[in-house]
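Chemist: Structure supplied as target-v9.txt; contents: compact mmCIF, C-alpha atoms and all ligand atoms.
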```txt
# COMPACT_ATOMS: atom_id res chain seq x y z
CA MET V 1 124.69 -63.89 20.45
CA GLN V 2 126.97 -60.90 20.06
CA THR V 3 129.57 -59.19 22.24
CA ILE V 4 128.33 -56.38 24.51
CA ARG V 5 128.74 -52.82 23.14
CA GLY V 6 132.30 -51.61 23.66
CA PHE V 7 133.60 -55.15 24.20
CA ARG V 8 135.36 -57.04 21.44
CA ASP V 9 137.15 -60.22 20.54
CA ILE V 10 140.81 -60.07 19.64
CA LEU V 11 140.96 -62.75 16.96
CA PRO V 12 143.90 -65.09 16.25
CA GLU V 13 144.73 -63.11 13.08
CA GLN V 14 145.41 -60.04 15.22
CA ILE V 15 147.33 -61.84 17.95
CA PRO V 16 150.86 -61.84 16.42
CA LEU V 17 151.10 -58.05 16.93
CA TRP V 18 149.84 -58.35 20.50
CA GLN V 19 152.37 -61.06 21.27
CA ARG V 20 155.16 -59.09 19.64
CA VAL V 21 154.41 -56.14 21.93
CA GLU V 22 154.13 -58.35 25.01
CA LYS V 23 157.45 -60.05 24.29
CA GLU V 24 159.29 -56.81 23.59
CA ALA V 25 157.81 -55.09 26.67
CA SER V 26 158.55 -57.90 29.13
CA TYR V 27 162.08 -58.29 27.78
CA LEU V 28 162.77 -54.57 28.11
CA PHE V 29 161.13 -54.15 31.52
CA GLU V 30 162.85 -57.21 32.96
CA SER V 31 166.22 -56.01 31.74
CA PHE V 32 165.60 -52.83 33.78
CA GLY V 33 164.73 -54.89 36.88
CA TYR V 34 160.91 -54.87 36.68
CA SER V 35 159.04 -58.04 37.70
CA GLU V 36 155.64 -59.11 36.49
CA ILE V 37 152.69 -58.96 38.90
CA ARG V 38 149.21 -60.41 38.32
CA ILE V 39 146.25 -59.19 40.32
CA PRO V 40 142.44 -59.58 40.25
CA VAL V 41 140.23 -57.66 37.83
CA LEU V 42 137.62 -57.19 40.56
CA GLU V 43 138.22 -55.07 43.67
CA LYS V 44 136.19 -53.30 46.33
CA THR V 45 134.69 -50.12 44.89
CA ALA V 46 136.13 -48.04 47.74
CA LEU V 47 139.67 -48.71 46.49
CA PHE V 48 139.06 -46.86 43.23
CA ALA V 49 136.84 -44.16 44.73
CA ARG V 50 139.54 -43.29 47.25
CA SER V 51 142.52 -43.45 44.94
CA ILE V 52 141.37 -42.24 41.52
CA GLY V 53 139.18 -39.61 43.20
CA GLU V 54 135.42 -39.20 43.79
CA THR V 55 135.16 -36.28 41.37
CA THR V 56 137.02 -37.79 38.41
CA ASP V 57 135.20 -38.84 35.24
CA ILE V 58 136.24 -42.43 35.81
CA VAL V 59 134.69 -42.69 39.25
CA GLU V 60 131.70 -40.43 38.59
CA LYS V 61 130.62 -41.93 35.30
CA GLU V 62 132.63 -44.81 33.96
CA MET V 63 133.04 -47.62 36.46
CA TYR V 64 131.34 -50.99 36.17
CA THR V 65 130.14 -51.28 39.74
CA PHE V 66 127.69 -53.77 41.18
CA GLU V 67 126.69 -55.40 44.42
CA ASP V 68 127.44 -59.07 44.76
CA ARG V 69 125.00 -61.45 46.41
CA LYS V 70 126.08 -60.39 49.88
CA GLY V 71 125.69 -56.70 49.12
CA ASP V 72 129.43 -55.94 48.86
CA LYS V 73 130.11 -53.11 46.41
CA LEU V 74 132.57 -54.31 43.78
CA THR V 75 134.09 -52.72 40.67
CA LEU V 76 135.80 -54.09 37.59
CA ARG V 77 139.16 -52.32 37.70
CA PRO V 78 139.22 -49.21 35.48
CA GLU V 79 143.02 -49.01 35.77
CA ALA V 80 145.79 -50.90 37.51
CA THR V 81 147.72 -48.48 39.72
CA ALA V 82 145.25 -48.52 42.61
CA SER V 83 145.14 -52.32 42.64
CA ILE V 84 148.92 -52.61 42.50
CA CYS V 85 149.16 -50.23 45.47
CA ARG V 86 146.59 -52.32 47.31
CA SER V 87 148.68 -55.42 46.66
CA TYR V 88 151.91 -53.63 47.64
CA ILE V 89 150.39 -52.66 50.98
CA GLN V 90 148.47 -55.90 51.63
CA HIS V 91 151.56 -58.09 51.17
CA LYS V 92 153.96 -55.58 52.74
CA LEU V 93 156.06 -55.79 49.59
CA TYR V 94 158.10 -52.82 50.86
CA ALA V 95 159.45 -55.04 53.65
CA THR V 96 161.41 -57.32 51.32
CA ASP V 97 163.11 -54.60 49.29
CA PRO V 98 162.92 -50.79 49.64
CA VAL V 99 162.66 -50.49 45.85
CA ARG V 100 160.01 -52.53 44.05
CA LYS V 101 159.40 -52.35 40.30
CA PHE V 102 156.43 -54.09 38.69
CA TYR V 103 154.85 -54.53 35.32
CA LEU V 104 151.44 -55.87 34.47
CA THR V 105 149.40 -56.59 31.36
CA GLY V 106 145.67 -57.05 31.49
CA PRO V 107 142.15 -55.85 30.78
CA MET V 108 140.64 -52.68 32.28
CA PHE V 109 136.99 -51.64 32.17
CA ARG V 110 135.48 -48.19 31.69
CA ARG V 111 131.97 -47.42 30.53
CA GLU V 112 132.98 -44.72 28.05
CA ARG V 113 131.30 -43.99 24.72
CA PRO V 114 132.84 -46.55 22.38
CA GLN V 115 134.63 -45.34 19.24
CA LYS V 116 137.82 -46.16 17.36
CA GLY V 117 140.60 -46.54 19.92
CA ARG V 118 138.14 -46.44 22.81
CA TYR V 119 136.56 -49.56 24.24
CA ARG V 120 134.75 -50.53 27.40
CA GLN V 121 137.09 -53.44 27.94
CA PHE V 122 140.57 -52.44 26.86
CA TYR V 123 144.05 -53.63 27.71
CA GLN V 124 146.90 -51.84 29.38
CA ILE V 125 150.56 -52.56 29.92
CA ASP V 126 151.54 -50.98 33.22
CA ALA V 127 154.85 -50.33 34.89
CA GLU V 128 155.09 -49.03 38.45
CA VAL V 129 158.02 -48.20 40.74
CA PHE V 130 157.74 -47.92 44.52
CA GLY V 131 160.29 -46.39 46.86
CA VAL V 132 162.21 -43.97 44.63
CA GLU V 133 161.78 -40.22 44.90
CA SER V 134 164.62 -39.31 42.57
CA ALA V 135 163.71 -37.57 39.32
CA TYR V 136 165.90 -40.02 37.44
CA ILE V 137 163.29 -42.74 37.86
CA ASP V 138 160.72 -40.43 36.23
CA SER V 139 163.12 -40.08 33.32
CA GLU V 140 163.81 -43.78 33.26
CA LEU V 141 160.11 -44.56 32.86
CA ILE V 142 159.71 -42.08 30.01
CA PHE V 143 162.89 -43.45 28.48
CA LEU V 144 161.48 -46.99 28.76
CA LEU V 145 158.32 -46.00 26.90
CA ASN V 146 160.32 -44.25 24.22
CA GLU V 147 162.66 -47.22 23.87
CA LEU V 148 159.83 -49.75 23.70
CA PHE V 149 158.05 -47.78 20.99
CA LYS V 150 161.31 -47.44 19.07
CA ARG V 151 161.98 -51.19 19.24
CA LEU V 152 158.47 -51.83 17.98
CA GLY V 153 159.11 -49.59 14.99
CA LEU V 154 156.65 -46.85 15.92
CA THR V 155 157.02 -43.39 14.48
CA GLY V 156 155.05 -40.16 14.70
CA LEU V 157 154.68 -40.18 18.48
CA SER V 158 155.28 -37.20 20.73
CA ALA V 159 155.91 -37.10 24.47
CA HIS V 160 154.11 -34.39 26.43
CA VAL V 161 155.54 -33.82 29.89
CA ASN V 162 154.35 -31.60 32.74
CA SER V 163 154.75 -31.21 36.48
CA LEU V 164 151.63 -31.06 38.63
CA GLY V 165 153.48 -30.04 41.79
CA CYS V 166 152.98 -31.41 45.28
CA PRO V 167 150.73 -30.63 48.27
CA GLU V 168 153.19 -27.85 49.08
CA CYS V 169 152.66 -25.95 45.83
CA ARG V 170 149.05 -26.99 45.16
CA PRO V 171 147.31 -24.37 47.36
CA GLY V 172 149.11 -21.50 45.58
CA PHE V 173 148.16 -22.90 42.21
CA GLN V 174 144.60 -23.62 43.27
CA LYS V 175 144.18 -20.04 44.39
CA ALA V 176 145.48 -18.73 41.06
CA LEU V 177 143.10 -21.06 39.24
CA LEU V 178 140.08 -20.04 41.32
CA ASP V 179 140.93 -16.35 40.79
CA PHE V 180 141.10 -17.03 37.06
CA LEU V 181 137.81 -18.91 37.08
CA GLY V 182 136.17 -16.04 38.99
CA GLU V 183 134.11 -14.45 36.19
CA ARG V 184 134.15 -17.54 34.02
CA LYS V 185 132.13 -19.71 36.38
CA GLU V 186 128.93 -19.32 34.40
CA ALA V 187 130.57 -20.70 31.25
CA LEU V 188 131.45 -23.98 32.95
CA CYS V 189 129.41 -27.15 32.65
CA GLU V 190 127.33 -28.31 35.61
CA ASN V 191 129.90 -30.87 36.61
CA CYS V 192 132.71 -28.32 36.71
CA GLN V 193 130.59 -25.85 38.68
CA ARG V 194 130.40 -28.55 41.33
CA ARG V 195 134.11 -29.27 40.97
CA ILE V 196 135.04 -25.65 41.76
CA LYS V 197 134.37 -26.33 45.43
CA LYS V 198 135.31 -29.98 45.55
CA ASN V 199 138.30 -30.34 43.24
CA PRO V 200 139.12 -27.39 40.96
CA LEU V 201 142.14 -29.09 39.36
CA ARG V 202 139.76 -31.54 37.65
CA ILE V 203 138.18 -28.66 35.70
CA LEU V 204 141.40 -28.46 33.69
CA ASP V 205 140.70 -31.97 32.44
CA CYS V 206 137.08 -31.40 31.36
CA LYS V 207 136.32 -32.49 27.81
CA VAL V 208 133.24 -30.26 27.38
CA GLU V 209 133.91 -27.71 24.63
CA THR V 210 132.59 -24.66 26.54
CA CYS V 211 134.78 -25.53 29.51
CA LYS V 212 137.80 -25.94 27.26
CA GLN V 213 137.16 -22.47 25.83
CA ALA V 214 136.65 -20.93 29.27
CA LEU V 215 139.97 -22.35 30.35
CA GLU V 216 142.04 -20.80 27.60
CA GLY V 217 144.86 -18.88 29.25
CA ALA V 218 144.28 -20.54 32.63
CA PRO V 219 147.25 -20.64 35.04
CA ALA V 220 149.53 -23.66 34.75
CA THR V 221 150.80 -25.86 37.57
CA VAL V 222 154.32 -25.73 36.19
CA ASP V 223 154.42 -21.96 36.80
CA HIS V 224 153.51 -22.42 40.47
CA LEU V 225 155.98 -25.09 41.57
CA CYS V 226 157.76 -24.94 44.91
CA SER V 227 161.55 -25.01 44.64
CA ALA V 228 161.82 -28.74 45.38
CA CYS V 229 159.32 -29.58 42.61
CA ASP V 230 161.00 -27.11 40.29
CA ASP V 231 164.41 -28.77 40.82
CA HIS V 232 162.87 -32.23 40.43
CA PHE V 233 161.26 -31.31 37.14
CA ALA V 234 164.45 -29.69 35.87
CA ILE V 235 166.32 -32.98 36.35
CA VAL V 236 163.58 -34.91 34.53
CA CYS V 237 163.82 -32.60 31.53
CA ALA V 238 167.62 -32.39 31.47
CA SER V 239 168.14 -36.14 31.80
CA LEU V 240 165.63 -36.91 29.07
CA GLU V 241 167.36 -34.46 26.78
CA LYS V 242 170.71 -36.03 27.49
CA GLN V 243 169.36 -39.46 26.50
CA GLY V 244 168.02 -38.00 23.27
CA VAL V 245 164.37 -38.59 24.23
CA LYS V 246 162.29 -36.05 22.35
CA PHE V 247 159.55 -34.39 24.44
CA HIS V 248 157.97 -31.06 25.05
CA VAL V 249 156.67 -29.46 28.21
CA ASP V 250 152.88 -29.32 27.91
CA LYS V 251 151.54 -26.96 30.55
CA THR V 252 147.94 -28.02 29.89
CA LEU V 253 148.49 -31.70 30.60
CA VAL V 254 146.81 -32.65 33.89
CA ARG V 255 145.73 -36.31 33.43
CA GLY V 256 142.34 -37.58 34.54
CA LEU V 257 143.19 -39.08 37.92
CA ASP V 258 143.49 -37.32 41.24
CA TYR V 259 146.46 -39.13 42.68
CA TYR V 260 149.18 -37.61 40.53
CA THR V 261 151.89 -35.36 41.96
CA ARG V 262 154.92 -33.85 40.23
CA THR V 263 155.81 -35.40 36.86
CA ALA V 264 152.95 -36.41 34.58
CA TRP V 265 153.23 -37.34 30.92
CA GLU V 266 151.45 -38.67 27.90
CA ILE V 267 152.67 -40.16 24.65
CA GLN V 268 150.41 -38.98 21.85
CA THR V 269 149.86 -40.01 18.26
CA THR V 270 148.17 -38.29 15.37
CA ALA V 271 147.20 -41.65 13.85
CA LEU V 272 143.99 -42.35 15.79
CA GLY V 273 141.94 -39.19 15.47
CA ALA V 274 140.46 -38.02 18.76
CA GLN V 275 141.97 -40.85 20.80
CA SER V 276 145.46 -39.42 20.71
CA ALA V 277 146.98 -40.80 23.93
CA VAL V 278 148.83 -44.07 23.48
CA ALA V 279 150.32 -44.05 26.96
CA GLY V 280 150.18 -41.93 30.08
CA GLY V 281 151.81 -41.88 33.44
CA GLY V 282 152.84 -39.91 36.44
CA ARG V 283 154.13 -39.77 39.95
CA TYR V 284 151.82 -40.47 42.88
CA ASP V 285 153.89 -39.93 45.99
CA ARG V 286 150.95 -39.75 48.41
CA LEU V 287 148.80 -42.64 47.26
CA VAL V 288 150.38 -45.54 49.16
CA GLU V 289 150.06 -43.63 52.41
CA GLU V 290 146.49 -42.57 51.64
CA LEU V 291 145.57 -46.21 51.11
CA GLY V 292 146.98 -47.16 54.50
CA GLY V 293 150.60 -48.04 53.66
CA PRO V 294 153.83 -46.40 54.80
CA PRO V 295 154.80 -43.09 53.13
CA THR V 296 156.26 -44.30 49.81
CA PRO V 297 157.16 -42.29 46.74
CA ALA V 298 155.79 -44.03 43.66
CA ILE V 299 155.41 -43.54 39.94
CA GLY V 300 154.14 -45.46 36.93
CA PHE V 301 152.61 -45.47 33.49
CA ALA V 302 149.99 -47.31 31.47
CA ILE V 303 150.21 -48.05 27.77
CA GLY V 304 146.91 -48.37 25.91
CA PHE V 305 147.59 -51.76 24.36
CA ASP V 306 144.64 -51.66 21.92
CA ARG V 307 145.68 -48.24 20.66
CA LEU V 308 149.32 -49.23 20.40
CA VAL V 309 148.36 -52.19 18.20
CA GLU V 310 146.11 -49.95 16.10
CA VAL V 311 148.98 -47.55 15.49
CA MET V 312 151.20 -50.48 14.51
CA GLU V 313 148.54 -51.68 12.07
CA GLN V 314 148.33 -48.21 10.56
CA LEU V 315 152.08 -48.15 10.12
CA GLU V 316 151.81 -51.61 8.51
CA ILE V 317 154.29 -53.07 10.95
CA GLN V 318 154.51 -56.73 10.02
CA VAL V 319 155.14 -59.65 12.32
CA GLN V 320 156.53 -62.96 11.09
CA PRO V 321 153.69 -65.42 10.44
CA ARG V 322 153.39 -68.32 12.82
CA GLU V 323 156.29 -70.67 12.47
CA MET V 324 156.03 -74.35 11.66
CA ASP V 325 158.78 -76.85 10.81
CA LEU V 326 156.78 -79.63 9.24
CA TYR V 327 153.30 -80.41 7.97
CA ILE V 328 152.41 -84.10 7.76
CA LEU V 329 150.09 -84.87 4.92
CA PRO V 330 148.40 -88.26 5.54
CA LEU V 331 146.53 -90.04 2.73
CA GLY V 332 144.35 -92.92 3.94
CA ASP V 333 143.49 -94.40 7.33
CA ALA V 334 146.79 -96.16 7.98
CA ALA V 335 148.60 -92.91 7.21
CA LEU V 336 146.36 -90.99 9.62
CA GLU V 337 147.41 -93.16 12.52
CA LYS V 338 151.08 -92.81 11.63
CA ALA V 339 150.69 -89.04 11.24
CA TYR V 340 149.19 -88.75 14.71
CA HIS V 341 152.04 -90.64 16.40
CA TRP V 342 154.80 -88.97 14.37
CA SER V 343 153.38 -85.54 15.06
CA CYS V 344 153.35 -86.21 18.81
CA GLU V 345 156.86 -87.64 18.73
CA LEU V 346 158.36 -84.88 16.58
CA ASN V 347 156.84 -82.16 18.75
CA ARG V 348 158.31 -83.96 21.73
CA GLN V 349 161.69 -83.66 19.99
CA GLY V 350 161.17 -79.93 19.47
CA ILE V 351 160.15 -80.06 15.79
CA ARG V 352 157.06 -77.91 15.35
CA THR V 353 154.81 -80.31 13.50
CA GLU V 354 151.19 -80.15 12.46
CA THR V 355 149.00 -82.63 10.66
CA ASP V 356 145.44 -82.92 9.38
CA PHE V 357 143.01 -85.63 10.50
CA ARG V 358 140.13 -84.82 8.17
CA GLY V 359 141.04 -87.48 5.58
CA LYS V 360 141.16 -84.96 2.72
CA SER V 361 142.74 -85.36 -0.70
CA MET V 362 146.36 -84.61 -1.57
CA LYS V 363 145.28 -81.48 -3.43
CA ALA V 364 143.27 -80.09 -0.51
CA LEU V 365 146.05 -80.83 1.98
CA MET V 366 148.76 -79.31 -0.20
CA LYS V 367 146.66 -76.18 -0.49
CA ARG V 368 146.41 -76.02 3.29
CA ALA V 369 150.16 -76.64 3.70
CA ASN V 370 150.79 -73.63 1.46
CA LYS V 371 148.33 -71.50 3.36
CA LEU V 372 149.95 -72.42 6.67
CA ASN V 373 153.39 -71.56 5.27
CA ALA V 374 154.86 -74.98 6.00
CA PRO V 375 158.51 -75.07 4.88
CA PHE V 376 158.49 -78.91 4.65
CA VAL V 377 155.73 -81.40 4.00
CA LEU V 378 155.87 -85.10 4.83
CA ILE V 379 153.70 -86.99 2.35
CA VAL V 380 152.45 -90.25 3.82
CA GLY V 381 150.75 -92.17 0.99
CA GLU V 382 149.52 -95.76 0.96
CA ASN V 383 151.97 -96.91 -1.73
CA GLU V 384 154.92 -95.40 0.09
CA LEU V 385 153.79 -96.92 3.39
CA ALA V 386 153.69 -100.34 1.75
CA GLU V 387 157.35 -99.83 0.88
CA ASN V 388 158.20 -98.55 4.36
CA GLN V 389 158.90 -95.09 2.89
CA VAL V 390 157.59 -91.53 3.13
CA ILE V 391 158.33 -88.46 1.03
CA LEU V 392 159.81 -85.26 2.43
CA ARG V 393 159.13 -82.25 0.24
CA ASN V 394 160.91 -78.93 0.51
CA MET V 395 158.13 -76.47 -0.27
CA GLU V 396 160.49 -73.75 -1.39
CA THR V 397 162.76 -75.71 -3.76
CA LYS V 398 160.04 -78.35 -4.53
CA GLU V 399 162.77 -80.96 -4.08
CA GLN V 400 161.50 -84.34 -2.80
CA ILE V 401 163.37 -87.19 -1.14
CA SER V 402 162.31 -90.57 0.21
CA LEU V 403 162.93 -91.39 3.86
CA ASP V 404 162.94 -94.75 5.52
CA ILE V 405 160.19 -95.15 8.15
CA ASP V 406 162.38 -97.11 10.58
CA THR V 407 164.75 -94.15 11.05
CA LEU V 408 162.22 -91.43 10.33
CA ILE V 409 162.10 -89.59 13.67
CA PRO V 410 165.89 -89.25 14.19
CA GLU V 411 166.33 -88.42 10.51
CA LEU V 412 163.71 -85.65 10.56
CA THR V 413 164.98 -84.35 13.88
CA LYS V 414 168.47 -84.09 12.42
CA ARG V 415 167.31 -82.42 9.20
CA LEU V 416 164.77 -79.97 10.63
CA LYS V 417 166.13 -78.93 13.99
P1 LIG D 501 144.80 -43.67 31.78
O1 LIG D 501 144.73 -44.85 32.72
O2 LIG D 501 143.48 -42.97 31.63
O3 LIG D 501 145.93 -42.79 32.03
O4 LIG D 501 145.05 -44.30 30.34
C1 LIG D 501 146.28 -44.82 29.93
C2 LIG D 501 146.16 -45.25 28.51
O5 LIG D 501 145.18 -46.28 28.37
C3 LIG D 501 145.65 -44.16 27.58
O6 LIG D 501 146.73 -43.39 27.13
C4 LIG D 501 145.01 -44.94 26.46
O7 LIG D 501 145.97 -45.30 25.51
C5 LIG D 501 144.49 -46.17 27.14
N1 LIG D 501 143.04 -46.09 27.36
C6 LIG D 501 142.39 -45.42 28.33
N2 LIG D 501 141.05 -45.58 28.21
C7 LIG D 501 140.86 -46.38 27.14
C8 LIG D 501 139.70 -46.92 26.48
N3 LIG D 501 138.47 -46.70 26.94
N4 LIG D 501 139.90 -47.69 25.38
C9 LIG D 501 141.15 -47.95 24.92
N5 LIG D 501 142.27 -47.47 25.49
C10 LIG D 501 142.13 -46.70 26.59
```
Would it be possible to restate this file's structure as structure tokens?
Ligand code: AMP

Modeler:
Amino acid sequence: MQTIRGFRDILPEQIPLWQRVEKEASYLFESFGYSEIRIPVLEKTALFARSIGETTDIVEKEMYTFEDRKGDKLTLRPEATASICRSYIQHKLYATDPVRKFYLTGPMFRRERPQKGRYRQFYQIDAEVFGVESAYIDSELIFLLNELFKRLGLTGLSAHVNSLGCPECRPGFQKALLDFLGERKEALCENCQRRIKKNPLRILDCKVETCKQALEGAPATVDHLCSACDDHFAIVCASLEKQGVKFHVDKTLVRGLDYYTRTAWEIQTTALGAQSAVAGGGRYDRLVEELGGPPTPAIGFAIGFDRLVEVMEQLEIQVQPREMDLYILPLGDAALEKAYHWSCELNRQGIRTETDFRGKSMKALMKRANKLNAPFVLIVGENELAENQVILRNMETKEQISLDIDTLIPELTKRLK
């Protein structure tokens, strides 16, 4: 049996980097007042169709959708924002506090063509803020991403920032875009020809080469902003600059989801070939209302966890190997029993202790102790046991001392804690 195409196992050898990122992210987010939220991976299909948009690539081509036994249409979540909004509305989370900030880590599912940095089950770290219209929160989120990546030791990333405007400025931009597309219609792919009527903004996000060429020189949202959006974006840029966050305004950045308004951004890397986006985010001031909640400004981002770890691997960012205080090396049946009880007791006392029940030789167990990086080894041999003694060996200095069994646990606790 093998994993399904585009799905993969994250093996224990890879986990230290994942845990490092998780720890750093939750510490940083919580210090900025974000709380963790956990939500289902399965939702009603309508949630994603309505929020992400019927004419987006995700909804048109990439969702894992099926009918359950009762005929309900369900989808494995392709992203987290829609589900977090659903939860925010369902539990009236706005009623307890006008400002809610969440973060979430978990798997997402998109049936894309698998390649390096692109999987069908992948992981995201999300952060979302509800109830704040101010441009400073946009900056804070971009700052958070920048800070997290800095703390993780990442280099070579660039932040691309744009403003997509609001329903006020959209019609003006849409008209300019349609005028521009006028004679270029024929060059567009079939999908985009359909999108002209349904959702012309999505054409800007098309990955088909001929469409990309046809769009060279197309009008940009940022040049068609209303004055409120213009002011908002100016604050985002100025406040990022003041915090020393490096970014550049990328007029071509539109992001692949319909719900975005105003600020949108992506953090890109050159390390992963075609899959350059490590994180992306944006404001979605209309979405909560569209999904049946009260009008609520909102904004968030998603980090591609798999890609982030791949960049860290490329940069050879090392994480401390797993830590152990003591390895008990039992020789013979009587020693095995002692090793079991001592290991339980020492762990209870907070000494990270491991042992080996396979009944192997001293040589084999020493080899394993070295491989596991044990700083101390407790050698429990038959002769020593007969004398009520065990040997504690410091693996670094190779120094060995005898310890009395009657006072072993308090003695080891004192020495190793
Ligand atoms: P999006 O939800 O499309 O804005 O994506 C946010 C981030 O998730 C991207 O910047 C990627 O780093 C990551 N991502 C999106 N799709 C995939 C995928 N199929 N495989 C791995 N990472 C992905």

Chemist: If I take atom CA of V:Phe357 and atom CA of V:Gly381, how far is one from the other in Å, to one decimal?

Modeler: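 Going from atom CA of V:Phe357 over to atom CA of V:Gly381, I get 13.9 Å.
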
Chemist: Measuring atom to atom with all atoms listed in the file, identify which of V:Glu289, V:Glu323, V:Glu147, V:Asp250 is nearest to V:Thr263.

Modeler: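 Of the candidates, the smallest distance to V:Thr263 is held by V:Asp250.
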
Chemist: At a cut-off of 9 Å and counting all atoms listed in the file, what residues surround ligand LIG 501 (chain D)? Please answer as a PyMOL selection string.

Modeler: chain V and resi 6+58+78-81+108-126+255-257+266-268+275-282+301-308

Chemist: Could you take the residues named above and write them with C-alpha atoms, as an mmCIF file, in the coordinates of the input?

Modeler:
```cif
data_model
loop_
_atom_site.group_PDB
_atom_site.id
_atom_site.type_symbol
_atom_site.label_atom_id
_atom_site.label_comp_id
_atom_site.auth_asym_id
_atom_site.auth_seq_id
_atom_site.Cartn_x
_atom_site.Cartn_y
_atom_site.Cartn_z
ATOM 1 C CA GLY V 6 132.300 -51.610 23.660
ATOM 2 C CA ILE V 58 136.240 -42.430 35.810
ATOM 3 C CA PRO V 78 139.220 -49.210 35.480
ATOM 4 C CA GLU V 79 143.020 -49.010 35.770
ATOM 5 C CA ALA V 80 145.790 -50.900 37.510
ATOM 6 C CA THR V 81 147.720 -48.480 39.720
ATOM 7 C CA MET V 108 140.640 -52.680 32.280
ATOM 8 C CA PHE V 109 136.990 -51.640 32.170
ATOM 9 C CA ARG V 110 135.480 -48.190 31.690
ATOM 10 C CA ARG V 111 131.970 -47.420 30.530
ATOM 11 C CA GLU V 112 132.980 -44.720 28.050
ATOM 12 C CA ARG V 113 131.300 -43.990 24.720
ATOM 13 C CA PRO V 114 132.840 -46.550 22.380
ATOM 14 C CA GLN V 115 134.630 -45.340 19.240
ATOM 15 C CA LYS V 116 137.820 -46.160 17.360
ATOM 16 C CA GLY V 117 140.600 -46.540 19.920
ATOM 17 C CA ARG V 118 138.140 -46.440 22.810
ATOM 18 C CA TYR V 119 136.560 -49.560 24.240
ATOM 19 C CA ARG V 120 134.750 -50.530 27.400
ATOM 20 C CA GLN V 121 137.090 -53.440 27.940
ATOM 21 C CA PHE V 122 140.570 -52.440 26.860
ATOM 22 C CA TYR V 123 144.050 -53.630 27.710
ATOM 23 C CA GLN V 124 146.900 -51.840 29.380
ATOM 24 C CA ILE V 125 150.560 -52.560 29.920
ATOM 25 C CA ASP V 126 151.540 -50.980 33.220
ATOM 26 C CA ARG V 255 145.730 -36.310 33.430
ATOM 27 C CA GLY V 256 142.340 -37.580 34.540
ATOM 28 C CA LEU V 257 143.190 -39.080 37.920
ATOM 29 C CA GLU V 266 151.450 -38.670 27.900
ATOM 30 C CA ILE V 267 152.670 -40.160 24.650
ATOM 31 C CA GLN V 268 150.410 -38.980 21.850
ATOM 32 C CA GLN V 275 141.970 -40.850 20.800
ATOM 33 C CA SER V 276 145.460 -39.420 20.710
ATOM 34 C CA ALA V 277 146.980 -40.800 23.930
ATOM 35 C CA VAL V 278 148.830 -44.070 23.480
ATOM 36 C CA ALA V 279 150.320 -44.050 26.960
ATOM 37 C CA GLY V 280 150.180 -41.930 30.080
ATOM 38 C CA GLY V 281 151.810 -41.880 33.440
ATOM 39 C CA GLY V 282 152.840 -39.910 36.440
ATOM 40 C CA PHE V 301 152.610 -45.470 33.490
ATOM 41 C CA ALA V 302 149.990 -47.310 31.470
ATOM 42 C CA ILE V 303 150.210 -48.050 27.770
ATOM 43 C CA GLY V 304 146.910 -48.370 25.910
ATOM 44 C CA PHE V 305 147.590 -51.760 24.360
ATOM 45 C CA ASP V 306 144.640 -51.660 21.920
ATOM 46 C CA ARG V 307 145.680 -48.240 20.660
ATOM 47 C CA LEU V 308 149.320 -49.230 20.400
#
```

Chemist: What's the separation between atom CA of V:Trp342 and atom CA of V:Thr355, in Å to one decimal place?

Modeler: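 Atom CA of V:Thr355 lies 9.4 Å from atom CA of V:Trp342.
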
Chemist: Given only C-alpha atoms as the basis, pick out the residue of V:Gln213, V:Gln193, V:Gln19, V:Thr296 nearest to V:Phe130.

Modeler: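 For V:Phe130, the nearest of the candidates is V:Thr296.
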
Chemist: For V:Glu128, work out the shell of residues within 10 Å, counting all atoms listed in the file and skipping chain neighbours fewer than 4 positions away, then give it as an MDAnalysis selection string.

Modeler: chainID V and resid 34:35 80:81 84:85 100:104 141 281:283 298:302

Chemist: Between atom CA of V:Leu76 and atom CA of V:Glu43, what is the spacing in Å?

Modeler: 6.6 Å

Chemist: Pick out the residues sitting within 12 Å of V:Leu240, and hand them over as a ChimeraX atom specification; count only C-alpha atoms, and ignore anything fewer than 3 positions along from it in its own chain.

Modeler: /V:135-147,159,161,233-237,243-249

Chemist: Please provide the set of residues having any atom within 7 Å of stretch 163-179 of chain V, restricted to all atoms listed in the file, with same-chain residues fewer than 4 positions apart removed, written as a PyMOL selection string.

Modeler: chain V and resi 218-219+221-222+224-226+229+233+254+261-264

Chemist: Can you pull out the residues contacting V:Leu47? Cut-off 10 Å, using all atoms listed in the file, and skip same-chain residues under 6 positions away; I want them as a count of residues only.

Modeler: 9

Chemist: Could you check the closest approach to V:Val208 for each of V:Ser134, V:Asn191, V:Ser402, V:Thr96 and tell me which residue wins, using only C-alpha atoms?

Modeler: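 Among V:Ser134, V:Asn191, V:Ser402, V:Thr96, it is V:Asn191 that comes nearest to V:Val208.
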
Chemist: Find the residues near V:Gly293: any atom within 12 Å, counting only C-alpha atoms, skip ones fewer than 2 places away on the same chain, and give them as a ChimeraX atom specification.

Modeler: /V:85-95,130-131,285-291,295-298
